[in-house]
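*Asks:* Okay, handing you the structure first.
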Number of protein chains: 2
Amino acid sequence: MTAPRIRPNLTQIAARLNVSVATVSNALSGKGRVSPEVAERIKATASEMGYVPARAARALRTGRSHVIGLVLPDISNPLFPQIARAIEQAAANVGYAVLIADARDDVSMQTEAIERLLERGVDGIVVVPRRGSRIAEIGSPVAVIDSPSTPGNTVSADHWQGGRLVMSHLLSLGHRKVLILGNDPTSNVQNDRVGGMRSCHPHVVEVMWAERIERQGEPGQPLRLAEKFAQGFTAFATVSDLLAIRALTELLGAGIGVPEQASVSGFDDLLWSSVVRPALTTVRMDLPLIAERAITALTDAIEHSLATPERPLSFGSVKLAAPALERVPMTLVVRQTTARASDAGTANIKTVQHGGRYQ
Amino acid sequence: MTAPRIRPNLTQIAARLNVSVATVSNALSGKGRVSPEVAERIKATASEMGYVPARAARALRTGRSHVIGLVLPDISNPLFPQIARAIEQAAANVGYAVLIADARDDVSMQTEAIERLLERGVDGIVVVPRRGSRIAEIGSPVAVIDSPSTPGNTVSADHWQGGRLVMSHLLSLGHRKVLILGNDPTSNVQNDRVGGMRSCHPHVVEVMWAERIERQGEPGQPLRLAEKFAQGFTAFATVSDLLAIRALTELLGAGIGVPEQASVSGFDDLLWSSVVRPALTTVRMDLPLIAERAITALTDAIEHSLATPERPLSFGSVKLAAPALERVPMTLVVRQTTARASDAGTANIKTVQHGGRYQ
DNA sequence: CTGAAAGCGCTTACAG
DNA sequence: CTGAAAGCGCTTACAG
């Protein structure tokens with residue numbers, strides 16, 4: 001039986017080759033000056049023995065766990081998977097794993113979540129803060145992703161510009177009365193989106209803040225969009241795909257044709273927006289880019305934090321190098337055009353594939 | 001300045017109190033026999049100094065990271081947040097953190113994800129396998145969550161019973177022609193759900209496998225449900241809320257009243273099912289319970305694995321203690337009843353709150 | 001280019 | 001009940 005049963009360590013590799021553990025360590029990390037031949041033999045033997053470095057030992061010695069935390073305002077938010085995936089990817093690219101924590105839409109739980117992660121020994125934290133909350137100095141590197149209107153923000157999508165994108169598209173289709181639909185007036189993100197929309201042509205739009213459906217099983221009040229349609233509104237521009245689908249089903253159920261008689265647009269480009277019929281025009285964030293920026297800012301902060309190998313991370317004195325806020329542009333995804341703008345014929349549904357967006 | 005800037009360690013606490021680190025360690029862990037008075041003083045001093053145990057050191061010494069991995073088939077699956085949250089909760093309850101890995105709907109990436117987690121030093125892994133894949137011996141404790149039809153499964157929802165629940169409800173409403181809608185004939189979960197539905201009354205149902213919408217931006221073919229309706233089908237029983245909403249918008253768009261003329265049901269009780277109008281009747285898994293069972297099985301396996309403090313986890317020889325598969329019953333959430341079964345008047349939409357389910 | 005040694009912070013037999 | 005000591009597996013000055 002040649003296969004080793006136990007996780008080999010550096011000492012065992014060293015013993016096998018009659019070299020020191022220091023040399024093995026150096027060869028494997030490529031740091032120390034080791035002769036190419038020896039390094040080669042060591043690497044070969046290591047992989048042959050199935051060597052996997054013990055993270056705990058490395059972390060103990062270097063003071064770096066190479067794990068970061070991701071604090072999300074609410075895991076049940078449909079956008080969460082995309083965020084989580086983007087952060088995970090960006091972190092993995094630079095050698096970090098991600099521990100996810102859920103603030104459950106509660107500021108005090110958000111604080112707790114941060115503390116829990118710190119106790120877990122993360123090197124830094126990415127926070128998507130609950131709306132209206134501020135991330136205090138936490139004694140550890142931090143990157144914040146929110147709307148550009150949030151103070152202390154690190155990076156975020158340009159929600160205002162996204163709002164302009166979708167509204168100017170609707171106006172270009174010929175709509176003259178547009179109802180803007182939000183459901184959380186305290187959200188910086190929603191306000192930015194609404195603000196961008198309104199800025200295009202304030203005279204043809206009206207804003208409506210719908211009741212928020214927080215929990216499952218509570219359908220909430222109808223939006224009474226049929227009444228709005230009767231008042232002459234032909235476009236319903238919402239701040240989220242969720243709200244858009246609520247609007248869409250209500251309009252369809254009232255016998256109003258979409259997109260023939262009215263347009264519905266969302267935000268975020270969730271899978272749902274392309275699954276409904278007609279599919280929704282929506283606006284998408286460049287999450288991979290946002291995540292990359294956040295991770296870069298965070299890992300920079302981690303590297304520049306006071307910790308040295310011999311003197312690990314100190315509490316209460318680490319600051320970000322005051323990075324400039326980055327605004328990442330959003331992208332319009334057109335899936336509905338009205339009869340006026342599209343070819344007559346078929347169902348007046350026009351789908352623009354991934355290549356066919358414009359900014 | 002009294003606040004210590006540096007993370008204190010056991011040695012510093014010990015020095016402050018003129019005791020040994022062993023005593024401090026014992027007092028804090030409650031393990032060793034330490035006199036109550038000393039233990040008290042130590043605990044007080046530790047918290048006053050803001051002591052936080054160094055996980056890396058503990059992990060190195062004990063051979064346990066107290067981190068587990070969660071491998072998911074596809075993070076963009078809308079059910080993922082609920083699963084992640086449930087597992088996280090259940091794991092946190094027993095002192096474990098969770099590292100999430102995404103298989104991106106690809107078997108080889110699933111294997112990679114497992115390996116990555118193992119290299120990260122997790123103590124065990126919970127896998128929700130990609131449909132059709134088998135989890136090989138991975139040399140580490142594992143718990144598998146899938147359908148009961150999946151071999152090697154640890155725990156899962158009773159999808160078959162869930163199918164029976166929703167179908168018998170539809171039949172009780174008076175439907176005589178029911179179209180069952182799935183979109184992945186290779187999925188054990190979907191097959192179980194469909195099987196359960198069919199088993200209720202095979203003569204009144206027909207099964208249709210729709211094209212799967214995998215990527216955003218590709219709306220896919222219409223389901224042509226209006227034709228089915230014309231053939232006399234009055235209930236559309238889908239295997240997922242996603243498919244249900246696709247069906248719902250198509251029916252509404254074709255001028256078919258829901259729920260007055262036709263019923264639509266889903267599976268999973270996602271937020272979306274209560275946001276659309278009319279809200280969807282659906283079936284829900286008891287994810288908290290499933291997660292708890294999975295975590296219990298996993299932590300048992302971890303504790304019984306061959307590793308001892310002095311001889312850490314071995315590779316290739318750890319097995320689960322062949323636990324019996326657990327089937328966790330599902331719950332019906334009724335949100336639509338047809339005219340026949342409900343009071344006349346209003347919109348024939350009846351919502352059953354969380355208290356009002358039945359199994 | 002290579003190695004001996006110290007030390008990261010903890011836990012755990014073992015001795016007193 | 002308390003403490004001295006070893007050791008988990010690594011990395012990193014430092015010496016040769």
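Here's how to read the names in the structure tokens: chain A, B, ... by the order shown, residue numbers from 1 in each chain, ligand numbers from 1 in the order shown.
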Once chain B is superposed on chain A with a least-squares fit on all C-alpha pairs taken in order, can you show it as a compact mmCIF listing (two decimals) with C-alpha atoms, in the first residue's frame?
*Replies:*
```txt
# COMPACT_ATOMS: atom_id res chain seq x y z
CA MET B 1 -0.11 0.14 -0.15
CA THR B 2 1.72 3.18 -1.41
CA ALA B 3 -0.96 5.78 -0.89
CA PRO B 4 -0.36 7.62 2.35
CA ARG B 5 -3.40 7.65 4.57
CA ILE B 6 -2.50 10.68 6.57
CA ARG B 7 -2.19 14.24 5.45
CA PRO B 8 1.53 14.58 5.03
CA ASN B 9 3.26 17.63 6.40
CA LEU B 10 6.42 19.47 5.54
CA THR B 11 8.44 17.46 8.00
CA GLN B 12 7.51 14.23 6.29
CA ILE B 13 8.39 15.55 2.89
CA ALA B 14 11.66 16.83 4.26
CA ALA B 15 12.45 13.47 5.83
CA ARG B 16 11.73 11.67 2.59
CA LEU B 17 14.21 13.84 0.71
CA ASN B 18 16.76 14.42 3.42
CA VAL B 19 16.36 18.15 3.34
CA SER B 20 15.16 20.57 5.98
CA VAL B 21 11.59 21.70 6.41
CA ALA B 22 12.77 25.22 5.77
CA THR B 23 13.96 24.21 2.35
CA VAL B 24 10.74 22.40 1.61
CA SER B 25 8.75 25.40 2.70
CA ASN B 26 10.86 27.71 0.60
CA ALA B 27 10.69 25.48 -2.44
CA LEU B 28 6.92 25.14 -2.23
CA SER B 29 6.30 28.80 -1.71
CA GLY B 30 8.89 29.82 -4.28
CA LYS B 31 10.19 32.40 -1.89
CA GLY B 32 13.54 31.36 -0.53
CA ARG B 33 16.49 30.82 -2.74
CA VAL B 34 16.47 27.12 -3.46
CA SER B 35 18.34 25.51 -6.31
CA PRO B 36 16.06 24.66 -9.21
CA GLU B 37 16.86 20.95 -9.05
CA VAL B 38 16.06 20.62 -5.38
CA ALA B 39 12.94 22.72 -5.77
CA GLU B 40 11.80 20.46 -8.57
CA ARG B 41 12.29 17.29 -6.58
CA ILE B 42 10.52 18.76 -3.61
CA LYS B 43 7.54 19.87 -5.64
CA ALA B 44 7.29 16.49 -7.31
CA THR B 45 7.46 14.63 -4.03
CA ALA B 46 4.97 16.95 -2.40
CA SER B 47 2.36 16.44 -5.06
CA GLU B 48 3.07 12.73 -5.16
CA MET B 49 2.49 12.50 -1.45
CA GLY B 50 -0.66 14.52 -1.84
CA TYR B 51 0.59 17.35 0.28
CA VAL B 52 -1.98 19.96 1.22
CA PRO B 53 -0.76 22.86 3.32
CA ALA B 54 -2.35 23.13 6.74
CA ARG B 55 -4.17 26.46 6.59
CA ALA B 56 -4.45 26.68 10.34
CA ALA B 57 -0.71 26.50 10.83
CA ARG B 58 -0.04 28.99 8.11
CA ALA B 59 -2.66 31.31 9.51
CA LEU B 60 -1.26 31.03 13.00
CA ARG B 61 2.22 31.80 11.84
CA THR B 62 1.44 34.61 9.39
CA GLY B 63 -1.49 36.15 11.23
CA ARG B 64 -3.56 35.95 8.06
CA SER B 65 -6.44 33.53 7.61
CA HIS B 66 -7.01 34.41 3.96
CA VAL B 67 -10.68 34.34 4.71
CA ILE B 68 -12.86 37.40 4.38
CA GLY B 69 -16.40 37.99 5.54
CA LEU B 70 -19.35 39.13 3.47
CA VAL B 71 -22.17 40.75 5.39
CA LEU B 72 -25.42 40.99 3.50
CA PRO B 73 -28.48 42.95 4.55
CA ASP B 74 -30.84 40.14 3.75
CA ILE B 75 -30.08 36.78 2.31
CA SER B 76 -33.62 36.39 1.08
CA ASN B 77 -33.17 39.33 -1.23
CA PRO B 78 -33.31 37.83 -4.71
CA LEU B 79 -30.21 39.72 -5.72
CA PHE B 80 -28.13 38.10 -3.06
CA PRO B 81 -27.04 35.05 -5.08
CA GLN B 82 -25.52 37.24 -7.74
CA ILE B 83 -23.71 39.34 -5.18
CA ALA B 84 -22.45 36.33 -3.30
CA ARG B 85 -21.25 34.67 -6.42
CA ALA B 86 -19.48 37.77 -7.67
CA ILE B 87 -17.72 38.39 -4.38
CA GLU B 88 -16.75 34.77 -4.05
CA GLN B 89 -15.28 34.77 -7.52
CA ALA B 90 -13.37 37.97 -7.04
CA ALA B 91 -12.07 36.81 -3.67
CA ALA B 92 -11.05 33.40 -4.96
CA ASN B 93 -9.09 35.10 -7.72
CA VAL B 94 -6.81 36.61 -5.13
CA GLY B 95 -6.68 33.62 -2.84
CA TYR B 96 -9.41 34.40 -0.35
CA ALA B 97 -12.34 32.32 0.78
CA VAL B 98 -15.57 34.01 1.82
CA LEU B 99 -17.65 33.53 4.94
CA ILE B 100 -21.17 34.83 4.46
CA ALA B 101 -23.23 36.38 7.22
CA ASP B 102 -26.82 37.52 7.09
CA ALA B 103 -27.98 40.69 8.82
CA ARG B 104 -31.63 39.65 8.38
CA ASP B 105 -32.59 43.18 7.63
CA ASP B 106 -31.75 44.33 11.12
CA VAL B 107 -29.10 46.83 12.07
CA SER B 108 -28.21 45.23 15.36
CA MET B 109 -27.90 41.83 13.72
CA GLN B 110 -25.65 43.47 11.21
CA THR B 111 -23.34 44.54 13.97
CA GLU B 112 -23.50 41.10 15.49
CA ALA B 113 -22.75 39.52 12.15
CA ILE B 114 -19.64 41.65 11.81
CA GLU B 115 -18.50 40.68 15.27
CA ARG B 116 -19.09 37.02 14.63
CA LEU B 117 -16.97 37.20 11.54
CA LEU B 118 -14.22 39.00 13.38
CA GLU B 119 -14.23 36.31 16.03
CA ARG B 120 -13.95 33.78 13.28
CA GLY B 121 -10.67 35.39 12.38
CA VAL B 122 -11.46 36.92 9.00
CA ASP B 123 -8.86 39.28 7.59
CA GLY B 124 -11.40 41.83 6.46
CA ILE B 125 -15.07 42.32 5.66
CA VAL B 126 -17.16 43.37 2.70
CA VAL B 127 -20.43 44.90 3.83
CA VAL B 128 -23.53 45.56 1.82
CA PRO B 129 -25.18 47.61 4.53
CA ARG B 130 -28.79 47.49 5.46
CA ARG B 131 -30.46 50.58 4.12
CA GLY B 132 -30.05 53.49 6.41
CA SER B 133 -27.25 51.98 8.45
CA ARG B 134 -23.73 53.20 8.81
CA ILE B 135 -20.73 50.98 9.25
CA ALA B 136 -18.79 52.17 12.22
CA GLU B 137 -15.10 51.71 12.72
CA ILE B 138 -14.81 48.01 13.32
CA GLY B 139 -11.11 47.63 13.92
CA SER B 140 -10.60 45.66 10.78
CA PRO B 141 -10.33 46.43 7.09
CA VAL B 142 -13.71 46.97 5.52
CA ALA B 143 -15.17 47.64 2.09
CA VAL B 144 -18.70 48.92 1.71
CA ILE B 145 -20.95 48.36 -1.29
CA ASP B 146 -24.07 50.47 -1.50
CA SER B 147 -25.43 53.36 -3.42
CA PRO B 148 -23.20 56.32 -4.24
CA SER B 149 -25.37 58.34 -1.87
CA THR B 150 -24.21 56.29 1.07
CA PRO B 151 -21.46 58.00 3.02
CA GLY B 152 -18.34 55.95 3.56
CA ASN B 153 -19.09 53.87 0.55
CA THR B 154 -16.29 52.12 -1.29
CA VAL B 155 -17.84 51.11 -4.58
CA SER B 156 -21.32 50.80 -6.00
CA ALA B 157 -23.38 50.72 -9.12
CA ASP B 158 -24.42 54.07 -10.50
CA HIS B 159 -28.09 53.66 -9.76
CA TRP B 160 -28.91 57.20 -10.76
CA GLN B 161 -27.44 56.65 -14.20
CA GLY B 162 -29.34 53.36 -14.38
CA GLY B 163 -32.54 55.26 -13.71
CA ARG B 164 -31.73 57.67 -16.51
CA LEU B 165 -31.03 54.79 -18.86
CA VAL B 166 -34.36 53.12 -18.44
CA MET B 167 -36.39 56.32 -18.35
CA SER B 168 -34.84 57.75 -21.47
CA HIS B 169 -35.50 54.47 -23.18
CA LEU B 170 -39.15 54.59 -22.18
CA LEU B 171 -39.46 58.18 -23.34
CA SER B 172 -37.83 57.28 -26.64
CA LEU B 173 -40.54 54.68 -27.12
CA GLY B 174 -43.04 57.47 -27.05
CA HIS B 175 -44.42 57.15 -23.53
CA ARG B 176 -45.70 60.45 -22.20
CA LYS B 177 -47.03 59.44 -18.83
CA VAL B 178 -44.72 57.21 -16.81
CA LEU B 179 -45.45 55.87 -13.35
CA ILE B 180 -42.36 55.26 -11.27
CA LEU B 181 -42.85 52.54 -8.70
CA GLY B 182 -40.74 52.07 -5.59
CA ASN B 183 -41.42 50.31 -2.34
CA ASP B 184 -38.90 51.67 0.11
CA PRO B 185 -38.48 55.41 0.39
CA THR B 186 -35.70 54.94 2.97
CA SER B 187 -33.47 53.04 0.58
CA ASN B 188 -30.62 55.01 -0.94
CA VAL B 189 -30.51 52.60 -3.83
CA GLN B 190 -34.17 53.09 -4.66
CA ASN B 191 -33.95 56.82 -4.23
CA ASP B 192 -31.01 57.01 -6.58
CA ARG B 193 -32.84 54.96 -9.16
CA VAL B 194 -35.98 57.06 -8.83
CA GLY B 195 -33.95 60.25 -8.87
CA GLY B 196 -32.25 59.26 -12.07
CA MET B 197 -35.57 58.43 -13.67
CA ARG B 198 -37.16 61.69 -12.60
CA SER B 199 -34.24 63.73 -13.77
CA CYS B 200 -34.93 62.76 -17.38
CA HIS B 201 -38.16 64.60 -17.75
CA PRO B 202 -39.84 65.49 -14.49
CA HIS B 203 -43.08 66.61 -16.11
CA VAL B 204 -44.17 63.28 -17.47
CA VAL B 205 -43.50 61.14 -14.47
CA GLU B 206 -45.21 60.43 -11.20
CA VAL B 207 -43.72 58.49 -8.30
CA MET B 208 -45.65 55.97 -6.28
CA TRP B 209 -44.29 54.24 -3.19
CA ALA B 210 -45.96 50.89 -2.82
CA GLU B 211 -46.31 48.96 0.36
CA ARG B 212 -43.38 46.65 0.86
CA ILE B 213 -43.94 42.92 0.85
CA GLU B 214 -41.47 41.73 3.38
CA ARG B 215 -42.67 38.33 4.32
CA GLN B 216 -43.88 35.44 2.33
CA GLY B 217 -47.53 34.65 2.51
CA GLU B 218 -48.70 38.21 2.70
CA PRO B 219 -49.76 39.32 -0.73
CA GLY B 220 -50.30 42.93 0.22
CA GLN B 221 -52.63 45.45 -1.31
CA PRO B 222 -53.16 45.71 -5.05
CA LEU B 223 -51.21 48.52 -6.67
CA ARG B 224 -54.35 49.66 -8.53
CA LEU B 225 -52.44 50.10 -11.72
CA ALA B 226 -55.53 49.70 -13.86
CA GLU B 227 -56.69 53.03 -12.47
CA LYS B 228 -53.38 54.57 -13.37
CA PHE B 229 -53.66 53.13 -16.84
CA ALA B 230 -57.10 54.66 -17.12
CA GLN B 231 -55.51 57.98 -16.19
CA GLY B 232 -53.26 57.67 -19.20
CA PHE B 233 -50.13 56.11 -17.81
CA THR B 234 -48.64 53.74 -20.37
CA ALA B 235 -45.34 52.89 -18.78
CA PHE B 236 -44.65 51.47 -15.34
CA ALA B 237 -41.04 51.90 -14.39
CA THR B 238 -40.23 50.04 -11.20
CA VAL B 239 -37.10 49.98 -9.08
CA SER B 240 -36.88 46.19 -8.94
CA ASP B 241 -37.80 43.14 -10.94
CA LEU B 242 -39.85 41.96 -8.02
CA LEU B 243 -42.02 45.02 -8.12
CA ALA B 244 -42.13 44.82 -11.90
CA ILE B 245 -43.53 41.31 -11.81
CA ARG B 246 -46.08 42.37 -9.26
CA ALA B 247 -47.08 45.17 -11.61
CA LEU B 248 -47.00 42.94 -14.66
CA THR B 249 -49.32 40.31 -13.25
CA GLU B 250 -51.71 42.96 -12.01
CA LEU B 251 -51.88 44.67 -15.39
CA LEU B 252 -52.30 41.42 -17.29
CA GLY B 253 -54.96 40.29 -14.87
CA ALA B 254 -56.82 43.54 -15.51
CA GLY B 255 -56.81 42.80 -19.21
CA ILE B 256 -54.21 45.39 -20.10
CA GLY B 257 -51.89 44.15 -22.83
CA VAL B 258 -48.18 44.25 -22.14
CA PRO B 259 -46.27 45.45 -24.04
CA GLU B 260 -48.95 46.45 -26.58
CA GLN B 261 -50.78 48.85 -24.32
CA ALA B 262 -48.35 49.40 -21.49
CA SER B 263 -44.67 48.86 -20.77
CA VAL B 264 -43.25 47.44 -17.57
CA SER B 265 -39.60 47.72 -16.59
CA GLY B 266 -37.62 46.43 -13.67
CA PHE B 267 -34.15 46.57 -12.23
CA ASP B 268 -31.47 43.95 -11.60
CA ASP B 269 -32.01 41.52 -14.47
CA LEU B 270 -32.90 38.58 -12.31
CA LEU B 271 -33.73 35.31 -13.98
CA TRP B 272 -37.38 36.06 -13.34
CA SER B 273 -37.33 39.05 -15.62
CA SER B 274 -36.66 36.85 -18.61
CA VAL B 275 -38.96 34.05 -17.53
CA VAL B 276 -42.18 36.01 -17.39
CA ARG B 277 -44.15 36.69 -20.50
CA PRO B 278 -43.59 39.25 -21.82
CA ALA B 279 -40.04 39.40 -20.56
CA LEU B 280 -39.11 42.58 -18.74
CA THR B 281 -36.94 45.40 -19.84
CA THR B 282 -34.56 45.88 -16.97
CA VAL B 283 -31.28 47.39 -15.84
CA ARG B 284 -28.35 45.38 -14.71
CA MET B 285 -25.43 46.08 -12.42
CA ASP B 286 -21.98 44.97 -13.36
CA LEU B 287 -21.63 42.86 -10.26
CA PRO B 288 -18.40 41.14 -11.26
CA LEU B 289 -16.75 44.50 -11.68
CA ILE B 290 -18.21 45.90 -8.48
CA ALA B 291 -17.05 42.83 -6.61
CA GLU B 292 -13.59 43.07 -8.05
CA ARG B 293 -13.29 46.69 -7.00
CA ALA B 294 -14.52 45.92 -3.52
CA ILE B 295 -12.13 43.02 -3.11
CA THR B 296 -9.22 45.02 -4.44
CA ALA B 297 -9.93 47.82 -2.00
CA LEU B 298 -10.30 45.34 0.81
CA THR B 299 -7.16 43.33 0.12
CA ASP B 300 -5.20 46.55 -0.24
CA ALA B 301 -6.45 47.61 3.14
CA ILE B 302 -5.57 44.23 4.58
CA GLU B 303 -2.05 44.43 3.24
CA HIS B 304 -1.56 47.94 4.50
CA SER B 305 -3.04 47.26 7.86
CA LEU B 306 -0.65 47.57 10.74
CA ALA B 307 -0.26 43.88 11.21
CA THR B 308 3.14 42.40 10.74
CA PRO B 309 3.86 38.69 11.01
CA GLU B 310 5.33 39.15 14.45
CA ARG B 311 2.68 41.58 15.59
CA PRO B 312 -0.74 40.57 14.37
CA LEU B 313 -3.67 42.73 13.49
CA SER B 314 -4.31 45.42 16.03
CA PHE B 315 -7.76 46.51 17.04
CA GLY B 316 -9.20 49.91 16.68
CA SER B 317 -6.54 51.55 14.64
CA VAL B 318 -6.86 50.29 11.12
CA LYS B 319 -8.22 52.60 8.47
CA LEU B 320 -8.88 52.33 4.83
CA ALA B 321 -6.58 54.42 2.70
CA ALA B 322 -9.52 56.74 1.98
CA PRO B 323 -10.18 55.40 -1.48
CA ALA B 324 -12.20 57.43 -3.93
CA LEU B 325 -15.73 56.12 -4.34
CA GLU B 326 -16.11 54.19 -7.54
CA ARG B 327 -19.35 54.33 -9.48
CA VAL B 328 -19.80 51.43 -11.82
CA PRO B 329 -22.11 52.13 -14.74
CA MET B 330 -25.26 50.05 -15.22
CA THR B 331 -26.51 48.46 -18.42
CA LEU B 332 -29.96 48.56 -20.00
CA VAL B 333 -31.43 45.25 -21.12
CA VAL B 334 -34.27 45.86 -23.55
CA ARG B 335 -36.85 43.11 -23.79
CA GLN B 336 -40.03 45.07 -24.42
CA THR B 337 -40.69 47.67 -27.01
CA THR B 338 -44.13 49.07 -27.62
CA ALA B 339 -46.06 48.77 -30.83
CA ARG B 340 -45.06 52.27 -31.79
CA ALA B 341 -41.38 51.50 -31.76
CA SER B 342 -41.27 47.90 -32.93
CA ASP B 343 -42.15 46.21 -36.16
CA ALA B 344 -45.81 45.52 -36.47
CA GLY B 345 -46.67 41.85 -36.55
CA THR B 346 -45.85 39.15 -34.01
CA ALA B 347 -46.30 39.93 -30.37
CA ASN B 348 -44.38 43.17 -30.33
CA ILE B 349 -41.86 41.54 -28.06
CA LYS B 350 -38.33 42.16 -29.00
CA THR B 351 -35.55 40.52 -27.14
CA VAL B 352 -32.10 41.92 -27.15
CA GLN B 353 -29.54 39.25 -26.44
CA HIS B 354 -26.60 39.81 -24.23
CA GLY B 355 -24.64 41.30 -27.06
CA GLY B 356 -27.33 43.81 -27.81
CA ARG B 357 -27.29 46.12 -24.83
CA TYR B 358 -26.38 49.71 -24.77
CA GLN B 359 -25.31 51.99 -22.02
```
*Asks:* Which residues of chain C come within 12 Å of chain B, and what is each one's closest atom pair and distance in Å (one decimal), counting only C-alpha atoms (C1' of nucleotides), sorted by chain and residue number, as a Markdown table?
*Replies:*
```
| residue | atom | partner | partner_atom | distance |
| --- | --- | --- | --- | --- |
| C:DC8 | C1' | B:Ala57 | CA | 7.8 |
| C:DG9 | C1' | B:Ala57 | CA | 5.1 |
| C:DC10 | C1' | B:Ala57 | CA | 5.0 |
| C:DT11 | C1' | B:Arg61 | CA | 6.4 |
| C:DT12 | C1' | B:Ala22 | CA | 9.0 |
| C:DA13 | C1' | B:Glu310 | CA | 11.1 |
```
*Asks:* Those same residues, written as an mmCIF file, in the first residue's frame with N, CA, C and O atoms (P, O5', C5', C4', C3', O3' and C1' of nucleotides)?
*Replies:*
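Below is the file that was written, result_18.cif:
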```
data_model
loop_
_atom_site.group_PDB
_atom_site.id
_atom_site.type_symbol
_atom_site.label_atom_id
_atom_site.label_comp_id
_atom_site.auth_asym_id
_atom_site.auth_seq_id
_atom_site.Cartn_x
_atom_site.Cartn_y
_atom_site.Cartn_z
ATOM 1 P P DC C 8 5.542 34.150 19.866
ATOM 2 O "O5'" DC C 8 4.224 34.339 19.021
ATOM 3 C "C5'" DC C 8 4.241 34.869 17.705
ATOM 4 C "C4'" DC C 8 3.154 34.215 16.907
ATOM 5 C "C3'" DC C 8 1.981 33.743 17.751
ATOM 6 O "O3'" DC C 8 1.018 34.795 17.824
ATOM 7 C "C1'" DC C 8 2.650 32.064 16.149
ATOM 8 P P DG C 9 0.581 35.378 19.200
ATOM 9 O "O5'" DG C 9 -0.454 34.281 19.700
ATOM 10 C "C5'" DG C 9 -1.590 34.004 18.902
ATOM 11 C "C4'" DG C 9 -2.261 32.767 19.440
ATOM 12 C "C3'" DG C 9 -2.593 32.809 20.923
ATOM 13 O "O3'" DG C 9 -3.958 32.468 21.058
ATOM 14 C "C1'" DG C 9 -1.464 30.825 20.408
ATOM 15 P P DC C 10 -4.710 32.419 22.398
ATOM 16 O "O5'" DC C 10 -4.864 30.839 22.601
ATOM 17 C "C5'" DC C 10 -5.834 30.165 21.898
ATOM 18 C "C4'" DC C 10 -5.380 28.737 21.645
ATOM 19 C "C3'" DC C 10 -5.723 27.748 22.746
ATOM 20 O "O3'" DC C 10 -7.027 27.223 22.465
ATOM 21 C "C1'" DC C 10 -3.565 27.339 21.808
ATOM 22 P P DT C 11 -7.800 26.472 23.621
ATOM 23 O "O5'" DT C 11 -7.093 25.041 23.651
ATOM 24 C "C5'" DT C 11 -7.201 24.205 22.527
ATOM 25 C "C4'" DT C 11 -6.506 22.890 22.831
ATOM 26 C "C3'" DT C 11 -7.071 22.136 24.034
ATOM 27 O "O3'" DT C 11 -7.119 20.784 23.658
ATOM 28 C "C1'" DT C 11 -4.758 22.476 24.344
ATOM 29 P P DT C 12 -8.081 19.772 24.383
ATOM 30 O "O5'" DT C 12 -7.063 18.623 24.771
ATOM 31 C "C5'" DT C 12 -5.889 18.460 23.986
ATOM 32 C "C4'" DT C 12 -4.811 17.793 24.804
ATOM 33 C "C3'" DT C 12 -5.330 17.020 26.016
ATOM 34 O "O3'" DT C 12 -4.604 15.811 26.079
ATOM 35 C "C1'" DT C 12 -3.666 18.521 26.702
ATOM 36 P P DA C 13 -5.373 14.442 26.425
ATOM 37 O "O5'" DA C 13 -5.014 14.253 27.949
ATOM 38 C "C5'" DA C 13 -4.412 13.078 28.347
ATOM 39 C "C4'" DA C 13 -2.908 13.114 28.142
ATOM 40 C "C3'" DA C 13 -2.165 12.505 29.330
ATOM 41 O "O3'" DA C 13 -1.026 11.782 28.881
ATOM 42 C "C1'" DA C 13 -1.644 14.823 29.130
#
```
*Asks:* Run DSSP on the backbone and tell me which residues of range 8-162 of chain B come out as alpha helix (DSSP H); list them as number ranges by chain.
*Replies:* B: 10-17, 21-29, 36-48, 55-62, 80-93, 107-119, 159-162
*Asks:* I want to know what sits within 12 Å of DA15 in chain D, based on only C-alpha atoms (C1' of nucleotides), with residues of the same chain fewer than 6 positions away left out; could you give that as a list of chain:residue names?
*Replies:*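 Counting only the stated atoms, we get C:DT2, C:DG3, C:DA4, C:DA5.
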*Asks:* Taking the backbone alone, and naming residues the way the document does, which bits of range 166-296 of chain A are strand (DSSP E) by DSSP, as a PyMOL selection string?
*Replies:* chain A and resi 178-182+205-209+235-238+263-265+282-284
*Asks:* Store the residues of this selection in a file with C-alpha atoms, as a compact mmCIF listing (two decimals), in the first residue's frame.
*Replies:*
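As written to disk, result-v6.txt reads:
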```txt
# COMPACT_ATOMS: atom_id res chain seq x y z
CA VAL A 178 -44.74 57.20 -16.80
CA LEU A 179 -45.47 55.87 -13.35
CA ILE A 180 -42.37 55.24 -11.27
CA LEU A 181 -42.85 52.52 -8.70
CA GLY A 182 -40.74 52.06 -5.59
CA VAL A 205 -43.52 61.13 -14.47
CA GLU A 206 -45.23 60.42 -11.20
CA VAL A 207 -43.74 58.48 -8.30
CA MET A 208 -45.66 55.96 -6.27
CA TRP A 209 -44.29 54.22 -3.20
CA ALA A 235 -45.34 52.88 -18.77
CA PHE A 236 -44.65 51.47 -15.35
CA ALA A 237 -41.03 51.89 -14.40
CA THR A 238 -40.24 50.04 -11.20
CA SER A 263 -44.69 48.87 -20.77
CA VAL A 264 -43.25 47.43 -17.57
CA SER A 265 -39.64 47.72 -16.60
CA THR A 282 -34.56 45.88 -16.98
CA VAL A 283 -31.28 47.38 -15.85
CA ARG A 284 -28.36 45.38 -14.71
```
